[in-house]
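Everything on this sheet refers to the single structure shown next.
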Amino acid sequence: MTGSLFLLALAVIFLPMLFDGAGLPEVQIEPLPDAVVLADAPRVPPPAPADIAAADELVPLVEALAEAVDEGGFSSATQTRLGEPVLSEVNADTAAWAVQVASFADLENARVFRARLREDGYEAFLSTIRTGNETRTRVAVGPLQNRQEAASLQAELSARYRVTARLMGFSS
């Protein structure tokens with residue numbers, strides 16, 4: 001027992017000395033320059049002052065946007081959150097279609113269902129709409145440029161997921 005403790009003590013003292021790196025040559029690394037310029041990279045000049053919009057030109061644009069969007073970020077015209085695809089009723093002017101598969105009050109449920117559709121190979125997306133005081137997140141598949149393909153997809157999704165899928169107009 002005493003011999004084992006003695007060997008252990010020697011190992012604790014001398015093993016660090018063996019692996020401390022003493023005797024290895026020291027390598028000096030040159031510091032990097034403050035700015036690295038690639039020889040082949042194209043140089044982009046800064047914008048000329050004439051290319052930057054003047055403040056008096058931006059004010060009307062910002063005011064127009066503020067009138068078109070409410071405090072929650074929803075478009076006054078479509079009631080859809082700004083930046084998300086707009087789903088509308090199909091009419092004679094519809095050029096692109098989507099199939100609304102479901103609508104959820106809970107965003108997380110909508111995300112889970114969208115993930116399920118994507119795992120099954122569908123191009124699913126979310127579109128948030130406000131109706132009165134209620135916000136709903138619609139899960140849809142699309143867009144499609146052919147109405148017959150959209151109608152066929154509507155029937156397929158309705159049967160596969162046991163829902164009443166709706167044919168909708170699509171715009172972004």
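Convention: chains lettered A, B, ... in structure tokens order; per-chain residue numbering from 1; ligands numbered from 1 as shown.
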Taking only chain A into account, list the residues labelled helix (DSSP H, G or I) by DSSP (computed from the backbone), as a ChimeraX atom specification. /A:2-18,49-51,55-68,107-119,147-161
Please produce an output containing C-alpha atoms for each residue in the selection, written as a CSV table (one decimal), in the first residue's frame.
chain,number,residue,atom,x,y,z
A,2,THR,CA,2.8,2.4,0.9
A,3,GLY,CA,4.6,1.6,-2.3
A,4,SER,CA,1.5,2.4,-4.4
A,5,LEU,CA,1.1,5.7,-2.6
A,6,PHE,CA,4.8,6.5,-3.2
A,7,LEU,CA,4.5,5.7,-7.0
A,8,LEU,CA,1.4,7.8,-7.3
A,9,ALA,CA,3.1,10.8,-5.6
A,10,LEU,CA,6.0,10.5,-8.0
A,11,ALA,CA,3.6,10.4,-10.9
A,12,VAL,CA,1.8,13.5,-9.7
A,13,ILE,CA,5.1,15.4,-9.4
A,14,PHE,CA,7.0,14.3,-12.5
A,15,LEU,CA,4.4,13.6,-15.2
A,16,PRO,CA,3.5,17.3,-15.5
A,17,MET,CA,7.1,18.1,-16.0
A,18,LEU,CA,7.3,15.7,-18.9
A,49,PRO,CA,-24.4,61.8,-51.7
A,50,ALA,CA,-26.8,62.2,-54.6
A,51,ASP,CA,-27.7,58.4,-54.3
A,55,ALA,CA,-34.9,63.3,-45.5
A,56,ASP,CA,-37.6,65.4,-47.1
A,57,GLU,CA,-38.1,62.6,-49.7
A,58,LEU,CA,-38.4,59.8,-47.0
A,59,VAL,CA,-41.0,61.6,-44.8
A,60,PRO,CA,-43.9,61.1,-47.3
A,61,LEU,CA,-42.9,57.4,-47.9
A,62,VAL,CA,-42.8,56.7,-44.1
A,63,GLU,CA,-46.2,58.5,-43.6
A,64,ALA,CA,-47.8,56.5,-46.5
A,65,LEU,CA,-46.5,53.3,-44.9
A,66,ALA,CA,-47.8,54.3,-41.5
A,67,GLU,CA,-51.2,54.9,-43.0
A,68,ALA,CA,-51.2,51.5,-44.8
A,107,LEU,CA,-49.0,30.1,-33.6
A,108,GLU,CA,-47.1,27.1,-32.2
A,109,ASN,CA,-49.8,24.7,-33.5
A,110,ALA,CA,-49.5,26.3,-36.9
A,111,ARG,CA,-45.7,25.9,-36.9
A,112,VAL,CA,-46.0,22.2,-36.0
A,113,PHE,CA,-48.5,21.5,-38.7
A,114,ARG,CA,-46.4,23.5,-41.3
A,115,ALA,CA,-43.4,21.3,-40.3
A,116,ARG,CA,-45.5,18.2,-40.8
A,117,LEU,CA,-46.5,19.3,-44.2
A,118,ARG,CA,-42.9,20.1,-45.1
A,119,GLU,CA,-41.8,16.7,-43.9
A,147,ARG,CA,-55.8,26.3,-61.2
A,148,GLN,CA,-56.3,22.6,-62.1
A,149,GLU,CA,-53.1,21.6,-60.2
A,150,ALA,CA,-54.3,23.7,-57.2
A,151,ALA,CA,-57.7,22.0,-57.3
A,152,SER,CA,-56.1,18.6,-57.5
A,153,LEU,CA,-53.8,19.5,-54.5
A,154,GLN,CA,-56.8,20.7,-52.6
A,155,ALA,CA,-58.5,17.4,-52.9
A,156,GLU,CA,-55.3,15.5,-52.1
A,157,LEU,CA,-54.6,17.5,-48.9
A,158,SER,CA,-58.3,17.3,-47.8
A,159,ALA,CA,-58.2,13.5,-48.0
A,160,ARG,CA,-54.7,13.0,-46.6
A,161,TYR,CA,-55.1,15.2,-43.6
What residues in chain A get the DSSP label strand (DSSP E)? Please answer as a PyMOL selection string. chain A and resi 86-88+97-104+124-131+134-144+166-171
For the selection just defined, write its residues with C-alpha atoms to a file, as a compact mmCIF listing (two decimals), in the first residue's frame.
# COMPACT_ATOMS: atom_id res chain seq x y z
CA VAL A 86 -51.54 37.26 -48.78
CA LEU A 87 -54.31 34.69 -49.21
CA SER A 88 -57.54 35.98 -50.72
CA TRP A 97 -53.24 29.91 -56.20
CA ALA A 98 -52.55 28.38 -52.83
CA VAL A 99 -54.37 25.76 -50.80
CA GLN A 100 -55.21 26.77 -47.23
CA VAL A 101 -55.04 23.56 -45.23
CA ALA A 102 -55.78 24.85 -41.73
CA SER A 103 -56.10 27.94 -39.56
CA PHE A 104 -54.90 28.16 -35.95
CA ALA A 124 -46.04 24.93 -46.81
CA PHE A 125 -46.03 28.48 -45.46
CA LEU A 126 -47.74 30.59 -42.82
CA SER A 127 -49.89 33.67 -43.32
CA THR A 128 -51.15 35.63 -40.31
CA ILE A 129 -54.45 37.48 -40.58
CA ARG A 130 -56.39 39.70 -38.20
CA THR A 131 -60.17 39.57 -38.11
CA GLU A 134 -58.67 37.85 -33.24
CA THR A 135 -55.38 36.87 -34.91
CA ARG A 136 -55.25 33.58 -36.82
CA THR A 137 -52.30 31.87 -38.46
CA ARG A 138 -53.20 30.11 -41.67
CA VAL A 139 -51.17 27.16 -42.94
CA ALA A 140 -51.17 26.89 -46.72
CA VAL A 141 -49.37 25.08 -49.53
CA GLY A 142 -48.30 26.81 -52.71
CA PRO A 143 -48.08 28.93 -54.69
CA LEU A 144 -49.28 27.23 -57.85
CA ARG A 166 -59.71 25.80 -49.33
CA LEU A 167 -58.55 27.06 -52.73
CA MET A 168 -57.22 30.61 -52.26
CA GLY A 169 -55.70 33.36 -54.35
CA PHE A 170 -52.01 33.95 -53.59
CA SER A 171 -50.00 37.17 -53.70
So that I can see what lies close to Asp70 (chain A), please list as an MDAnalysis selection string the residues with an atom at most 10 Å from it, counting only C-alpha atoms and leaving out residues fewer than 5 positions away in the same chain. chainID A and resid 65 75:76 79 81:82
Selected residues, N, CA and C atoms, written as a PDB file, in the first residue's frame, please.
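Written file, result_28.pdb:
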ATOM      1  N   LEU A  65     -46.599  54.604 -45.520  1.00  0.00           N
ATOM      2  CA  LEU A  65     -46.502  53.267 -44.934  1.00  0.00           C
ATOM      3  C   LEU A  65     -47.227  53.212 -43.597  1.00  0.00           C
ATOM      4  N   SER A  75     -51.539  44.946 -42.628  1.00  0.00           N
ATOM      5  CA  SER A  75     -51.959  45.824 -43.717  1.00  0.00           C
ATOM      6  C   SER A  75     -53.427  46.188 -43.543  1.00  0.00           C
ATOM      7  N   SER A  76     -53.743  47.470 -43.723  1.00  0.00           N
ATOM      8  CA  SER A  76     -55.135  47.908 -43.605  1.00  0.00           C
ATOM      9  C   SER A  76     -55.980  47.337 -44.726  1.00  0.00           C
ATOM     10  N   GLN A  79     -55.520  42.992 -44.208  1.00  0.00           N
ATOM     11  CA  GLN A  79     -55.545  42.488 -42.834  1.00  0.00           C
ATOM     12  C   GLN A  79     -54.541  41.361 -42.611  1.00  0.00           C
ATOM     13  N   ARG A  81     -50.463  40.251 -42.017  1.00  0.00           N
ATOM     14  CA  ARG A  81     -49.243  40.829 -41.466  1.00  0.00           C
ATOM     15  C   ARG A  81     -48.307  41.212 -42.611  1.00  0.00           C
ATOM     16  N   LEU A  82     -47.765  42.409 -42.535  1.00  0.00           N
ATOM     17  CA  LEU A  82     -46.879  42.942 -43.559  1.00  0.00           C
ATOM     18  C   LEU A  82     -45.685  42.015 -43.763  1.00  0.00           C
TER      19      LEU A  82
END
